[in-house]
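Asker: Structure file upload-v8.csv (CSV, C-alpha atoms and all ligand atoms) right here:
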```csv
chain,number,residue,atom,x,y,z
A,1,MET,CA,86.5,-28.8,46.5
A,2,ARG,CA,84.2,-27.9,49.3
A,3,ASN,CA,80.5,-27.8,50.3
A,4,GLN,CA,78.4,-24.6,50.1
A,5,GLN,CA,78.4,-22.3,53.1
A,6,THR,CA,76.2,-19.7,54.7
A,7,LEU,CA,76.3,-17.5,57.8
A,8,ALA,CA,75.9,-19.0,61.3
A,9,ALA,CA,73.6,-16.1,62.2
A,10,ALA,CA,72.2,-12.8,61.0
A,11,VAL,CA,74.3,-9.6,61.3
A,12,THR,CA,73.5,-6.0,60.7
A,13,CYS,CA,75.5,-2.8,59.9
A,14,SER,CA,74.6,0.6,58.7
A,15,GLY,CA,76.2,3.6,56.9
A,16,VAL,CA,75.8,5.9,53.9
A,17,GLY,CA,75.8,5.2,50.2
A,18,LEU,CA,78.8,6.5,48.3
A,19,HIS,CA,76.9,7.9,45.4
A,20,SER,CA,73.4,8.6,46.9
A,21,GLY,CA,74.6,9.8,50.3
A,22,GLN,CA,71.5,7.9,51.6
A,23,SER,CA,71.7,6.2,55.0
A,24,ALA,CA,71.0,2.5,54.9
A,25,SER,CA,71.3,-0.5,57.0
A,26,ILE,CA,71.9,-4.0,55.7
A,27,THR,CA,71.2,-7.3,57.4
A,28,LEU,CA,72.9,-10.5,56.2
A,29,ARG,CA,70.9,-13.6,57.0
A,30,PRO,CA,71.6,-17.3,56.6
A,31,ALA,CA,70.0,-18.8,53.4
A,32,PRO,CA,69.4,-22.4,52.2
A,33,PRO,CA,71.8,-24.2,49.7
A,34,ASP,CA,71.7,-23.0,46.1
A,35,THR,CA,70.2,-19.6,47.0
A,36,GLY,CA,73.3,-17.6,46.1
A,37,VAL,CA,73.5,-13.9,47.2
A,38,VAL,CA,69.9,-12.6,47.1
A,39,PHE,CA,69.0,-9.0,47.9
A,40,VAL,CA,65.6,-8.6,49.7
A,41,ASN,CA,63.4,-5.6,49.3
A,42,HIS,CA,60.7,-5.1,52.0
A,43,ASN,CA,57.7,-3.1,50.9
A,44,ALA,CA,54.0,-2.7,51.6
A,45,THR,CA,53.1,-5.8,49.7
A,46,GLY,CA,55.7,-8.0,51.3
A,47,GLU,CA,59.2,-9.2,50.2
A,48,THR,CA,60.7,-9.3,46.7
A,49,TYR,CA,64.0,-10.9,45.8
A,50,LEU,CA,66.8,-10.0,43.4
A,51,SER,CA,69.7,-12.4,43.0
A,52,ALA,CA,73.2,-11.0,42.5
A,53,SER,CA,73.7,-12.7,39.2
A,54,ILE,CA,75.0,-11.4,35.9
A,55,GLU,CA,71.7,-11.2,34.0
A,56,HIS,CA,70.5,-8.6,36.5
A,57,ARG,CA,73.5,-6.4,36.0
A,58,ILE,CA,72.7,-2.9,34.6
A,59,PRO,CA,75.2,-0.5,33.0
A,60,THR,CA,76.4,2.1,35.4
A,61,GLU,CA,79.3,4.5,35.2
A,62,LEU,CA,80.9,4.3,38.6
A,63,CYS,CA,79.8,1.2,40.4
A,64,THR,CA,78.2,-2.2,39.9
A,65,ALA,CA,74.4,-2.3,40.1
A,66,ILE,CA,71.7,-4.9,39.6
A,67,LYS,CA,68.0,-4.4,38.8
A,68,GLY,CA,64.9,-6.6,38.5
A,69,ASN,CA,61.7,-7.7,40.3
A,70,GLY,CA,60.8,-4.0,40.8
A,71,PHE,CA,63.9,-2.7,42.5
A,72,GLN,CA,67.5,-2.0,42.0
A,73,VAL,CA,70.6,-2.0,44.2
A,74,GLN,CA,73.8,-0.1,43.4
A,75,THR,CA,77.4,-0.2,44.7
A,76,ILE,CA,77.1,-3.9,45.5
A,77,GLU,CA,80.8,-4.8,44.6
A,78,HIS,CA,82.5,-4.4,48.0
A,79,LEU,CA,79.9,-6.4,49.8
A,80,LEU,CA,80.0,-9.1,47.1
A,81,SER,CA,83.7,-9.1,47.3
A,82,ALA,CA,83.6,-9.8,51.1
A,83,LEU,CA,81.1,-12.6,50.6
A,84,ALA,CA,83.1,-14.2,47.8
A,85,GLY,CA,86.4,-13.7,49.5
A,86,LEU,CA,85.2,-15.4,52.7
A,87,GLN,CA,83.3,-18.1,50.7
A,88,VAL,CA,79.8,-17.2,51.9
A,89,ASP,CA,77.8,-18.8,49.0
A,90,ASN,CA,74.2,-18.4,50.3
A,91,VAL,CA,72.9,-15.3,52.0
A,92,PHE,CA,69.9,-13.0,52.1
A,93,VAL,CA,70.7,-9.3,52.1
A,94,ASP,CA,68.0,-7.1,53.6
A,95,LEU,CA,68.6,-3.5,52.5
A,96,THR,CA,66.7,-0.4,53.6
A,97,ALA,CA,67.8,1.8,50.7
A,98,SER,CA,68.9,1.3,47.0
A,99,GLU,CA,72.6,1.5,47.7
A,100,VAL,CA,74.9,-0.6,49.9
A,101,PRO,CA,76.6,1.5,52.5
A,102,VAL,CA,80.2,2.4,51.5
A,103,MET,CA,81.5,2.0,55.1
A,104,ASP,CA,85.3,2.8,55.0
A,105,GLY,CA,85.5,2.3,51.2
A,106,SER,CA,87.0,-1.2,51.6
A,107,ALA,CA,85.5,-4.7,52.2
A,108,ALA,CA,87.0,-4.9,55.7
A,109,PRO,CA,83.9,-3.8,57.7
A,110,PHE,CA,81.9,-6.5,55.9
A,111,VAL,CA,84.6,-9.0,56.6
A,112,ARG,CA,84.6,-8.2,60.3
A,113,LEU,CA,80.8,-8.4,60.3
A,114,ILE,CA,80.8,-11.8,58.7
A,115,GLN,CA,83.6,-13.0,61.0
A,116,SER,CA,81.6,-11.9,64.1
A,117,VAL,CA,79.2,-14.7,63.5
A,118,GLY,CA,81.2,-17.1,61.3
A,119,THR,CA,80.1,-19.4,58.5
A,120,VAL,CA,78.7,-22.9,58.5
A,121,PRO,CA,79.0,-25.6,55.9
A,122,GLN,CA,75.8,-26.9,54.2
A,123,ASP,CA,74.7,-30.2,52.9
A,124,ARG,CA,75.3,-29.4,49.2
A,125,LYS,CA,78.5,-29.3,47.1
A,126,GLN,CA,79.7,-25.9,45.8
A,127,PRO,CA,80.1,-26.1,42.0
A,128,PHE,CA,83.3,-24.8,40.5
A,129,LEU,CA,83.6,-23.5,36.9
A,130,LYS,CA,87.0,-24.6,35.7
A,131,ILE,CA,88.4,-22.7,32.7
A,132,MET,CA,89.8,-25.0,29.9
A,133,SER,CA,90.6,-22.4,27.2
A,134,PRO,CA,91.3,-18.7,27.5
A,135,ILE,CA,88.5,-16.1,27.2
A,136,GLU,CA,89.4,-12.4,26.8
A,137,VAL,CA,87.5,-9.1,26.5
A,138,THR,CA,89.1,-5.8,25.5
A,139,GLU,CA,88.1,-2.2,25.1
A,140,GLY,CA,90.8,0.0,23.6
A,141,SER,CA,93.9,-0.5,25.8
A,142,LYS,CA,91.7,-2.1,28.6
A,143,ARG,CA,91.9,-5.8,28.8
A,144,VAL,CA,90.7,-8.7,31.1
A,145,ARG,CA,91.1,-12.4,30.3
A,146,ILE,CA,90.8,-15.7,32.1
A,147,GLU,CA,93.2,-18.6,31.4
A,148,PRO,CA,93.4,-22.2,32.5
A,149,SER,CA,95.2,-22.6,35.9
A,150,SER,CA,95.2,-25.3,38.6
A,151,THR,CA,94.1,-22.8,41.3
A,152,PRO,CA,92.1,-19.6,41.3
A,153,ARG,CA,94.4,-16.6,40.8
A,154,ILE,CA,94.0,-12.9,39.9
A,155,THR,CA,96.8,-10.7,38.5
A,156,TYR,CA,95.9,-7.0,38.0
A,157,SER,CA,97.9,-4.1,36.5
A,158,ILE,CA,97.1,-0.4,36.6
A,159,HIS,CA,98.9,2.5,35.1
A,160,TYR,CA,98.5,6.2,36.1
A,161,ALA,CA,100.8,9.1,35.6
A,162,HIS,CA,100.9,9.8,39.4
A,163,PRO,CA,104.0,9.4,41.5
A,164,LEU,CA,102.2,7.2,44.1
A,165,ILE,CA,101.0,4.8,41.4
A,166,ASN,CA,102.8,4.8,38.0
A,167,THR,CA,102.5,1.1,37.2
A,168,GLN,CA,101.3,-1.2,40.0
A,169,THR,CA,100.9,-5.0,39.5
A,170,TYR,CA,99.6,-7.4,42.1
A,171,SER,CA,99.1,-11.2,42.0
A,172,TYR,CA,96.5,-12.7,44.4
A,173,ASP,CA,96.2,-16.4,45.1
A,174,CYS,CA,92.5,-16.7,46.1
A,175,SER,CA,92.0,-18.0,49.7
A,176,ILE,CA,90.2,-16.7,52.7
A,177,SER,CA,93.3,-15.8,54.7
A,178,THR,CA,95.0,-13.9,51.8
A,179,PHE,CA,91.7,-12.1,51.1
A,180,GLU,CA,91.6,-10.9,54.7
A,181,SER,CA,95.2,-9.9,54.9
A,182,GLU,CA,96.0,-8.7,51.4
A,183,ILE,CA,92.8,-7.4,49.8
A,184,ALA,CA,89.9,-6.6,52.1
A,185,GLU,CA,91.5,-3.5,53.6
A,186,ALA,CA,92.2,-1.7,50.3
A,187,ARG,CA,90.0,1.4,49.9
A,188,THR,CA,88.3,3.1,46.9
A,189,PHE,CA,90.3,5.9,45.4
A,190,GLY,CA,89.8,8.8,43.1
A,191,PHE,CA,91.7,11.8,41.7
A,192,LEU,CA,90.9,15.2,43.3
A,193,GLN,CA,89.8,16.8,40.0
A,194,GLU,CA,87.5,13.9,39.2
A,195,VAL,CA,86.1,13.8,42.7
A,196,GLN,CA,85.4,17.6,42.5
A,197,ALA,CA,83.8,17.1,39.1
A,198,LEU,CA,81.5,14.3,40.5
A,199,TRP,CA,80.5,16.4,43.4
A,200,ALA,CA,79.7,19.3,41.0
A,201,ARG,CA,77.3,16.9,39.1
A,202,GLY,CA,75.6,15.9,42.3
A,203,LEU,CA,77.2,12.5,42.4
A,204,GLY,CA,79.4,10.9,45.0
A,205,LYS,CA,77.3,12.5,47.7
A,206,GLY,CA,78.4,10.1,50.4
A,207,GLY,CA,82.1,10.4,49.5
A,208,THR,CA,84.4,11.7,52.2
A,209,LEU,CA,88.1,11.3,53.2
A,210,ASP,CA,86.8,8.6,55.6
A,211,ASN,CA,85.8,6.3,52.7
A,212,THR,CA,87.8,7.4,49.7
A,213,VAL,CA,91.6,7.8,49.1
A,214,VAL,CA,91.8,11.1,47.2
A,215,LEU,CA,94.9,11.7,45.1
A,216,SER,CA,96.2,15.2,44.8
A,217,GLN,CA,98.8,16.2,42.1
A,218,ASP,CA,101.7,14.5,43.8
A,219,GLY,CA,100.3,12.8,46.9
A,220,ILE,CA,97.1,12.0,48.7
A,221,VAL,CA,94.8,14.4,50.5
A,222,ASN,CA,94.0,12.0,53.4
A,223,ASP,CA,96.0,12.7,56.5
A,224,SER,CA,95.8,9.1,57.5
A,225,GLY,CA,98.0,7.9,54.7
A,226,LEU,CA,97.8,4.6,52.7
A,227,ARG,CA,97.1,1.2,54.2
A,228,PHE,CA,99.5,-0.4,51.6
A,229,ASP,CA,101.9,1.3,49.2
A,230,ASP,CA,100.0,-0.5,46.4
A,231,GLU,CA,96.6,0.0,48.0
A,232,PHE,CA,95.3,1.2,44.6
A,233,VAL,CA,95.8,-2.0,42.6
A,234,ARG,CA,94.7,-4.1,45.6
A,235,HIS,CA,91.4,-2.3,45.5
A,236,LYS,CA,91.0,-3.1,41.8
A,237,ILE,CA,91.4,-6.8,42.7
A,238,LEU,CA,88.8,-6.3,45.5
A,239,ASP,CA,86.4,-4.8,42.9
A,240,LEU,CA,87.1,-7.6,40.4
A,241,ILE,CA,86.4,-10.3,43.0
A,242,GLY,CA,83.0,-8.7,43.7
A,243,ASP,CA,82.1,-8.1,40.1
A,244,PHE,CA,83.2,-11.6,39.1
A,245,SER,CA,81.1,-13.2,41.8
A,246,LEU,CA,78.1,-12.3,39.6
A,247,LEU,CA,79.1,-15.6,37.8
A,248,GLY,CA,77.1,-17.3,40.6
A,249,MET,CA,79.6,-20.0,41.5
A,250,SER,CA,83.3,-20.5,42.3
A,251,PHE,CA,86.0,-20.5,39.5
A,252,ILE,CA,89.3,-22.2,38.8
A,253,GLY,CA,91.4,-20.1,36.4
A,254,HIS,CA,93.8,-17.2,36.3
A,255,ILE,CA,92.2,-13.8,35.7
A,256,ILE,CA,94.6,-11.3,34.2
A,257,ALA,CA,93.4,-7.7,34.1
A,258,ASP,CA,95.1,-4.6,32.7
A,259,ARG,CA,93.5,-1.1,33.1
A,260,SER,CA,90.2,-2.7,33.5
A,261,GLY,CA,87.0,-1.7,35.4
A,262,HIS,CA,83.5,-2.7,36.4
A,263,ALA,CA,82.1,-2.8,32.9
A,264,LEU,CA,84.8,-5.0,31.5
A,265,HIS,CA,84.8,-7.3,34.5
A,266,THR,CA,81.2,-8.0,34.1
A,267,ARG,CA,81.6,-8.4,30.3
A,268,LEU,CA,84.1,-11.2,31.0
A,269,VAL,CA,81.5,-13.0,33.1
A,270,GLN,CA,79.0,-12.7,30.3
A,271,GLN,CA,81.5,-14.0,27.8
A,272,ILE,CA,82.3,-17.0,30.0
A,273,LEU,CA,78.7,-18.0,30.3
A,274,GLN,CA,78.2,-17.6,26.5
A,275,GLN,CA,81.1,-19.9,25.7
A,276,PRO,CA,80.3,-23.2,27.6
A,277,GLU,CA,82.7,-25.1,25.4
A,278,LYS,CA,85.6,-23.3,27.1
A,279,TRP,CA,84.9,-24.6,30.7
A,280,VAL,CA,83.7,-27.5,32.7
A,281,LEU,CA,81.7,-27.7,35.9
A,282,LEU,CA,83.3,-29.6,38.8
A,283,ASN,CA,82.0,-30.7,42.2
A,284,THR,CA,78.4,-30.8,41.1
A,285,GLU,CA,75.7,-32.9,42.8
A,286,PRO,CA,74.6,-36.2,41.2
A,287,LYS,CA,71.7,-35.8,38.7
A,288,GLY,CA,68.4,-35.2,40.4
A,289,LYS,CA,69.9,-33.4,43.4
A,290,GLU,CA,71.8,-30.9,41.3
A,291,LYS,CA,70.2,-27.6,40.6
A,292,ARG,CA,73.0,-25.6,39.0
A,293,THR,CA,73.8,-27.4,35.8
A,294,ALA,CA,75.7,-25.6,33.0
A,295,ALA,CA,72.4,-24.8,31.3
A,296,HIS,CA,70.9,-23.6,34.5
A,297,ALA,CA,74.0,-21.3,35.1
A,298,LEU,CA,72.9,-19.3,32.0
A,299,HIS,CA,69.6,-18.5,33.6
A,300,LEU,CA,70.3,-18.5,37.3
A,301,GLN,CA,67.2,-17.2,38.9
A,302,PRO,CA,67.0,-18.5,42.5
A,303,ALA,CA,64.7,-15.6,43.3
A,304,ILE,CA,61.9,-17.3,41.4
A,305,ALA,CA,62.3,-20.6,43.2
A,306,LEU,CA,62.4,-18.7,46.5
A,307,GLN,CA,59.1,-16.9,45.8
A,308,ALA,CA,57.5,-20.2,45.0
A,309,SER,CA,58.5,-21.8,48.3
A,401,ZN,ZN,85.6,-0.4,44.6
```
Once you've parsed the file, please lay out its structure as structure tokens.
Ligand SMILES: [Zn+2]
Answerer:
Amino acid sequence: MRNQQTLAAAVTCSGVGLHSGQSASITLRPAPPDTGVVFVNHNATGETYLSASIEHRIPTELCTAIKGNGFQVQTIEHLLSALAGLQVDNVFVDLTASEVPVMDGSAAPFVRLIQSVGTVPQDRKQPFLKIMSPIEVTEGSKRVRIEPSSTPRITYSIHYAHPLINTQTYSYDCSISTFESEIAEARTFGFLQEVQALWARGLGKGGTLDNTVVLSQDGIVNDSGLRFDDEFVRHKILDLIGDFSLLGMSFIGHIIADRSGHALHTRLVQQILQQPEKWVLLNTEPKGKEKRTAAHALHLQPAIALQAS
């Protein structure tokens, strides 16, 4: 159990959006306790806020996106993964476009950015949602469930009829150091035919071999090779960590995913919040000081409180 954390100082990076191809810069800024991750849109009338929480999630085919308060942000999952992986609980994200830059297709550039200033503990306990009974969502052969466990863990399996993948399974014990060394560097991947089909539809405009591992029939197109033999399943864990952070607090449980994806990851978060009898909240502040009660978790809208202050 630990206190909430934010960044020690503001940091900025820039790049292009994977799907829009738009150039964007993002600035991560320290935020007060109980803020969560809040995207900030600057326009002619001032600033509007959109919290990265599950009720703002909108259905998208290829990435995770949120919408509300007059704007939307897509491809948030790798940035959210870096923030969750490094336990940055409270942060404002200023963004100059509607898509987070893809950088090198992994979370590593965001990790390095955060590490360049470091994090600081805050005067408020970080709540943990501890799973007491299993919760599962499925869609055909796709499946993701969370089970009771004494520590946070993720086990992911993928299956593709490709000689570099076949079946890959990876188990990740959540900690800052394992996130940095085992997960953060794993890049987005796609199959050549699918990538070409996307480009034909005018999607994936920012996709290049510098930010996507492209699989050919029996190998990969990228000259640079893979960062890990099982980079593919590690990237699925990276995505899941980002998607699951839309829960808005830390978790204690074992997430087990098989052939899953963004839509199912976020459905699991929704199911958890709809079944409060299957979990308990730990490390909460005493009554009066506490803002994120179980009931509040269902309607997390820090953006409203921020606008009022
Ligand atoms: Zn991804």
Asker: Using all atoms listed in the file, pick whichever of A:Gly21, A:Gly105, A:Pro30, A:Pro127 has the shortest atom-to-atom distance to Phe232 (chain A).
Answerer: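 Among A:Gly21, A:Gly105, A:Pro30, A:Pro127, it is A:Gly105 that comes nearest to Phe232 (chain A).
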Asker: Please report as JSON lines every residue of chain A lying within 10 Å of ligand ZN 401 (chain A), along with the nearest atom pair and their distance in Å (one decimal), using all atoms listed in the file.
Answerer:
```
{"residue": "A:Leu62", "atom": "CA", "partner": "A:ZN401", "partner_atom": "ZN", "distance": 9.0}
{"residue": "A:Cys63", "atom": "CA", "partner": "A:ZN401", "partner_atom": "ZN", "distance": 7.3}
{"residue": "A:Thr64", "atom": "CA", "partner": "A:ZN401", "partner_atom": "ZN", "distance": 8.9}
{"residue": "A:Thr75", "atom": "CA", "partner": "A:ZN401", "partner_atom": "ZN", "distance": 8.2}
{"residue": "A:Ile76", "atom": "CA", "partner": "A:ZN401", "partner_atom": "ZN", "distance": 9.2}
{"residue": "A:Glu77", "atom": "CA", "partner": "A:ZN401", "partner_atom": "ZN", "distance": 6.5}
{"residue": "A:His78", "atom": "CA", "partner": "A:ZN401", "partner_atom": "ZN", "distance": 6.1}
{"residue": "A:Leu79", "atom": "CA", "partner": "A:ZN401", "partner_atom": "ZN", "distance": 9.8}
{"residue": "A:Ser81", "atom": "CA", "partner": "A:ZN401", "partner_atom": "ZN", "distance": 9.3}
{"residue": "A:Val102", "atom": "CA", "partner": "A:ZN401", "partner_atom": "ZN", "distance": 9.2}
{"residue": "A:Gly105", "atom": "CA", "partner": "A:ZN401", "partner_atom": "ZN", "distance": 7.1}
{"residue": "A:Ser106", "atom": "CA", "partner": "A:ZN401", "partner_atom": "ZN", "distance": 7.2}
{"residue": "A:Ala107", "atom": "CA", "partner": "A:ZN401", "partner_atom": "ZN", "distance": 8.7}
{"residue": "A:Ala186", "atom": "CA", "partner": "A:ZN401", "partner_atom": "ZN", "distance": 8.8}
{"residue": "A:Arg187", "atom": "CA", "partner": "A:ZN401", "partner_atom": "ZN", "distance": 7.1}
{"residue": "A:Thr188", "atom": "CA", "partner": "A:ZN401", "partner_atom": "ZN", "distance": 5.0}
{"residue": "A:Phe189", "atom": "CA", "partner": "A:ZN401", "partner_atom": "ZN", "distance": 7.9}
{"residue": "A:Thr212", "atom": "CA", "partner": "A:ZN401", "partner_atom": "ZN", "distance": 9.6}
{"residue": "A:Phe232", "atom": "CA", "partner": "A:ZN401", "partner_atom": "ZN", "distance": 9.8}
{"residue": "A:Arg234", "atom": "CA", "partner": "A:ZN401", "partner_atom": "ZN", "distance": 9.9}
{"residue": "A:His235", "atom": "CA", "partner": "A:ZN401", "partner_atom": "ZN", "distance": 6.2}
{"residue": "A:Lys236", "atom": "CA", "partner": "A:ZN401", "partner_atom": "ZN", "distance": 6.7}
{"residue": "A:Ile237", "atom": "CA", "partner": "A:ZN401", "partner_atom": "ZN", "distance": 8.8}
{"residue": "A:Leu238", "atom": "CA", "partner": "A:ZN401", "partner_atom": "ZN", "distance": 6.8}
{"residue": "A:Asp239", "atom": "CA", "partner": "A:ZN401", "partner_atom": "ZN", "distance": 4.8}
{"residue": "A:Leu240", "atom": "CA", "partner": "A:ZN401", "partner_atom": "ZN", "distance": 8.5}
{"residue": "A:Gly242", "atom": "CA", "partner": "A:ZN401", "partner_atom": "ZN", "distance": 8.7}
{"residue": "A:Asp243", "atom": "CA", "partner": "A:ZN401", "partner_atom": "ZN", "distance": 9.6}
{"residue": "A:Gly261", "atom": "CA", "partner": "A:ZN401", "partner_atom": "ZN", "distance": 9.4}
{"residue": "A:His262", "atom": "CA", "partner": "A:ZN401", "partner_atom": "ZN", "distance": 8.8}
```
Asker: Quick one, how far is CA of Val269 (chain A) from CA of Ser181 (chain A)?
Answerer: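 CA of Val269 (chain A) sits 25.9 Å away from CA of Ser181 (chain A).
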Asker: Please compute the CA of Ile66 (chain A)-CA of Ser51 (chain A) distance, one decimal, in Å.
Answerer: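 Rounded to one decimal, the two atoms are 8.5 Å apart.
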Asker: What's the separation between CA of Leu113 (chain A) and CA of Lys205 (chain A), in Å to one decimal place?
Answerer: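 Between these atoms lies a distance of 24.7 Å.
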Asker: Taking only C-alpha atoms into account, which of A:Ser25, A:Ser53, A:Gln270, A:Thr6 comes nearest Asp123 (chain A)?
Answerer: A:Thr6
Asker: Find, counting only C-alpha atoms, the residue in A:Gln193, A:Thr167, A:Gln87, A:Thr284 that gets nearest to Ile114 (chain A).
Answerer: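 Looking only at the distances to Ile114 (chain A), the closest residue turns out to be A:Gln87.
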Asker: Counting only C-alpha atoms, figure out which residue out of A:Thr12, A:His19, A:Gly85, A:Leu247 gets nearest to Val195 (chain A).
Answerer: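 Looking only at the distances to Val195 (chain A), the closest residue turns out to be A:His19.
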Asker: Around (70.4, -12.7, 52.5), as given in the file, which residues come within 12 Å? Count only C-alpha atoms and list them as a ChimeraX atom specification.
Answerer: /A:6-7,9-12,26-33,35-41,47-52,79-80,83,88-95,303,306
Asker: Kindly indicate which residue among A:Ile252, A:Val111, A:Ala263, A:Leu273 lies nearest to Ala84 (chain A), using only C-alpha atoms for the distances.
Answerer: A:Val111
Asker: Rank nothing, just name the residue among A:Gln4, A:Ser98, A:Ser157, A:Gln122 nearest to Asp258 (chain A), using all atoms listed in the file.
Answerer: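 Smallest distance to Asp258 (chain A) is found for A:Ser157.
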Asker: Find the axis-aligned box for region 183-196 of chain A, covering all its listed atoms and adding 6 Å on each side, and write its centre and edge lengths in Å to one decimal as AutoDock Vina command-line options.
Answerer:
```
--center_x 89.1 --center_y 5.1 --center_z 46.4 --size_x 19.4 --size_y 37.0 --size_z 26.4
```
Asker: So which residues are close to (87.6, 11.2, 47.3), meaning at most 9 Å away in the file's coordinates with only C-alpha atoms counted, and can you show them as a list in words?
Answerer: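 Every residue inside that radius is included here: Thr188, Phe189, Gly190, Phe191, Leu192, Glu194, Val195, Gln196, Gly204, Gly207, Thr208, Leu209, Asp210, Asn211, Thr212, Val213, Val214, Leu215, Val221 and Asn222 of chain A.
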Asker: Can you pull out the residues contacting Ser149 (chain A)? Cut-off 12 Å, using only C-alpha atoms, and skip same-chain residues under 4 positions away; I want them as a PDB file with C-alpha atoms, in the coordinates of the input.
Answerer:
```pdb
ATOM      1  CA  LEU A 129      83.600 -23.500  36.900  1.00  0.00           C
ATOM      2  CA  LYS A 130      87.000 -24.600  35.700  1.00  0.00           C
ATOM      3  CA  ILE A 131      88.400 -22.700  32.700  1.00  0.00           C
ATOM      4  CA  MET A 132      89.800 -25.000  29.900  1.00  0.00           C
ATOM      5  CA  SER A 133      90.600 -22.400  27.200  1.00  0.00           C
ATOM      6  CA  PRO A 134      91.300 -18.700  27.500  1.00  0.00           C
ATOM      7  CA  ARG A 153      94.400 -16.600  40.800  1.00  0.00           C
ATOM      8  CA  ILE A 154      94.000 -12.900  39.900  1.00  0.00           C
ATOM      9  CA  ASP A 173      96.200 -16.400  45.100  1.00  0.00           C
ATOM     10  CA  PHE A 251      86.000 -20.500  39.500  1.00  0.00           C
ATOM     11  CA  ILE A 252      89.300 -22.200  38.800  1.00  0.00           C
ATOM     12  CA  GLY A 253      91.400 -20.100  36.400  1.00  0.00           C
ATOM     13  CA  HIS A 254      93.800 -17.200  36.300  1.00  0.00           C
ATOM     14  CA  ILE A 255      92.200 -13.800  35.700  1.00  0.00           C
ATOM     15  CA  ILE A 256      94.600 -11.300  34.200  1.00  0.00           C
ATOM     16  CA  TRP A 279      84.900 -24.600  30.700  1.00  0.00           C
TER      17      TRP A 279
END
```
Asker: Output as a PDB file, in the frame of the given file: region 206-218 of chain A, completed with N, CA, C and O atoms.
Answerer:
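Final output, saved to part.pdb:
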```pdb
ATOM      1  N   GLY A 206      77.977  10.719  49.126  1.00  0.00           N
ATOM      2  CA  GLY A 206      78.400  10.100  50.400  1.00  0.00           C
ATOM      3  C   GLY A 206      79.918  10.040  50.514  1.00  0.00           C
ATOM      4  O   GLY A 206      80.450   9.495  51.483  1.00  0.00           O
ATOM      5  N   GLY A 207      80.635  10.534  49.516  1.00  0.00           N
ATOM      6  CA  GLY A 207      82.100  10.400  49.500  1.00  0.00           C
ATOM      7  C   GLY A 207      82.768  11.377  50.450  1.00  0.00           C
ATOM      8  O   GLY A 207      82.468  12.569  50.438  1.00  0.00           O
ATOM      9  N   THR A 208      83.654  10.856  51.293  1.00  0.00           N
ATOM     10  CA  THR A 208      84.400  11.700  52.200  1.00  0.00           C
ATOM     11  C   THR A 208      85.840  11.121  52.286  1.00  0.00           C
ATOM     12  O   THR A 208      86.094  10.028  51.777  1.00  0.00           O
ATOM     13  N   LEU A 209      86.719  11.826  52.977  1.00  0.00           N
ATOM     14  CA  LEU A 209      88.100  11.300  53.200  1.00  0.00           C
ATOM     15  C   LEU A 209      88.086  10.097  54.104  1.00  0.00           C
ATOM     16  O   LEU A 209      89.098   9.424  54.241  1.00  0.00           O
ATOM     17  N   ASP A 210      86.940   9.823  54.756  1.00  0.00           N
ATOM     18  CA  ASP A 210      86.800   8.600  55.600  1.00  0.00           C
ATOM     19  C   ASP A 210      86.531   7.364  54.793  1.00  0.00           C
ATOM     20  O   ASP A 210      86.594   6.257  55.323  1.00  0.00           O
ATOM     21  N   ASN A 211      86.130   7.525  53.518  1.00  0.00           N
ATOM     22  CA  ASN A 211      85.800   6.300  52.700  1.00  0.00           C
ATOM     23  C   ASN A 211      86.407   6.328  51.327  1.00  0.00           C
ATOM     24  O   ASN A 211      86.117   5.432  50.531  1.00  0.00           O
ATOM     25  N   THR A 212      87.222   7.322  51.015  1.00  0.00           N
ATOM     26  CA  THR A 212      87.800   7.400  49.700  1.00  0.00           C
ATOM     27  C   THR A 212      89.267   7.925  49.829  1.00  0.00           C
ATOM     28  O   THR A 212      89.476   8.923  50.535  1.00  0.00           O
ATOM     29  N   VAL A 213      90.217   7.260  49.204  1.00  0.00           N
ATOM     30  CA  VAL A 213      91.600   7.800  49.100  1.00  0.00           C
ATOM     31  C   VAL A 213      91.568   8.811  47.966  1.00  0.00           C
ATOM     32  O   VAL A 213      91.272   8.443  46.824  1.00  0.00           O
ATOM     33  N   VAL A 214      91.822  10.079  48.256  1.00  0.00           N
ATOM     34  CA  VAL A 214      91.800  11.100  47.200  1.00  0.00           C
ATOM     35  C   VAL A 214      93.217  11.520  46.869  1.00  0.00           C
ATOM     36  O   VAL A 214      93.984  11.960  47.732  1.00  0.00           O
ATOM     37  N   LEU A 215      93.541  11.350  45.583  1.00  0.00           N
ATOM     38  CA  LEU A 215      94.900  11.700  45.100  1.00  0.00           C
ATOM     39  C   LEU A 215      94.972  13.110  44.657  1.00  0.00           C
ATOM     40  O   LEU A 215      94.173  13.565  43.835  1.00  0.00           O
ATOM     41  N   SER A 216      95.943  13.846  45.229  1.00  0.00           N
ATOM     42  CA  SER A 216      96.200  15.200  44.800  1.00  0.00           C
ATOM     43  C   SER A 216      97.277  15.086  43.647  1.00  0.00           C
ATOM     44  O   SER A 216      97.610  13.981  43.231  1.00  0.00           O
ATOM     45  N   GLN A 217      97.825  16.206  43.219  1.00  0.00           N
ATOM     46  CA  GLN A 217      98.800  16.200  42.100  1.00  0.00           C
ATOM     47  C   GLN A 217      99.983  15.263  42.357  1.00  0.00           C
ATOM     48  O   GLN A 217     100.413  14.526  41.484  1.00  0.00           O
ATOM     49  N   ASP A 218     100.510  15.320  43.583  1.00  0.00           N
ATOM     50  CA  ASP A 218     101.700  14.500  43.800  1.00  0.00           C
ATOM     51  C   ASP A 218     101.656  13.714  45.129  1.00  0.00           C
ATOM     52  O   ASP A 218     102.671  13.235  45.611  1.00  0.00           O
TER      53      ASP A 218
END
```
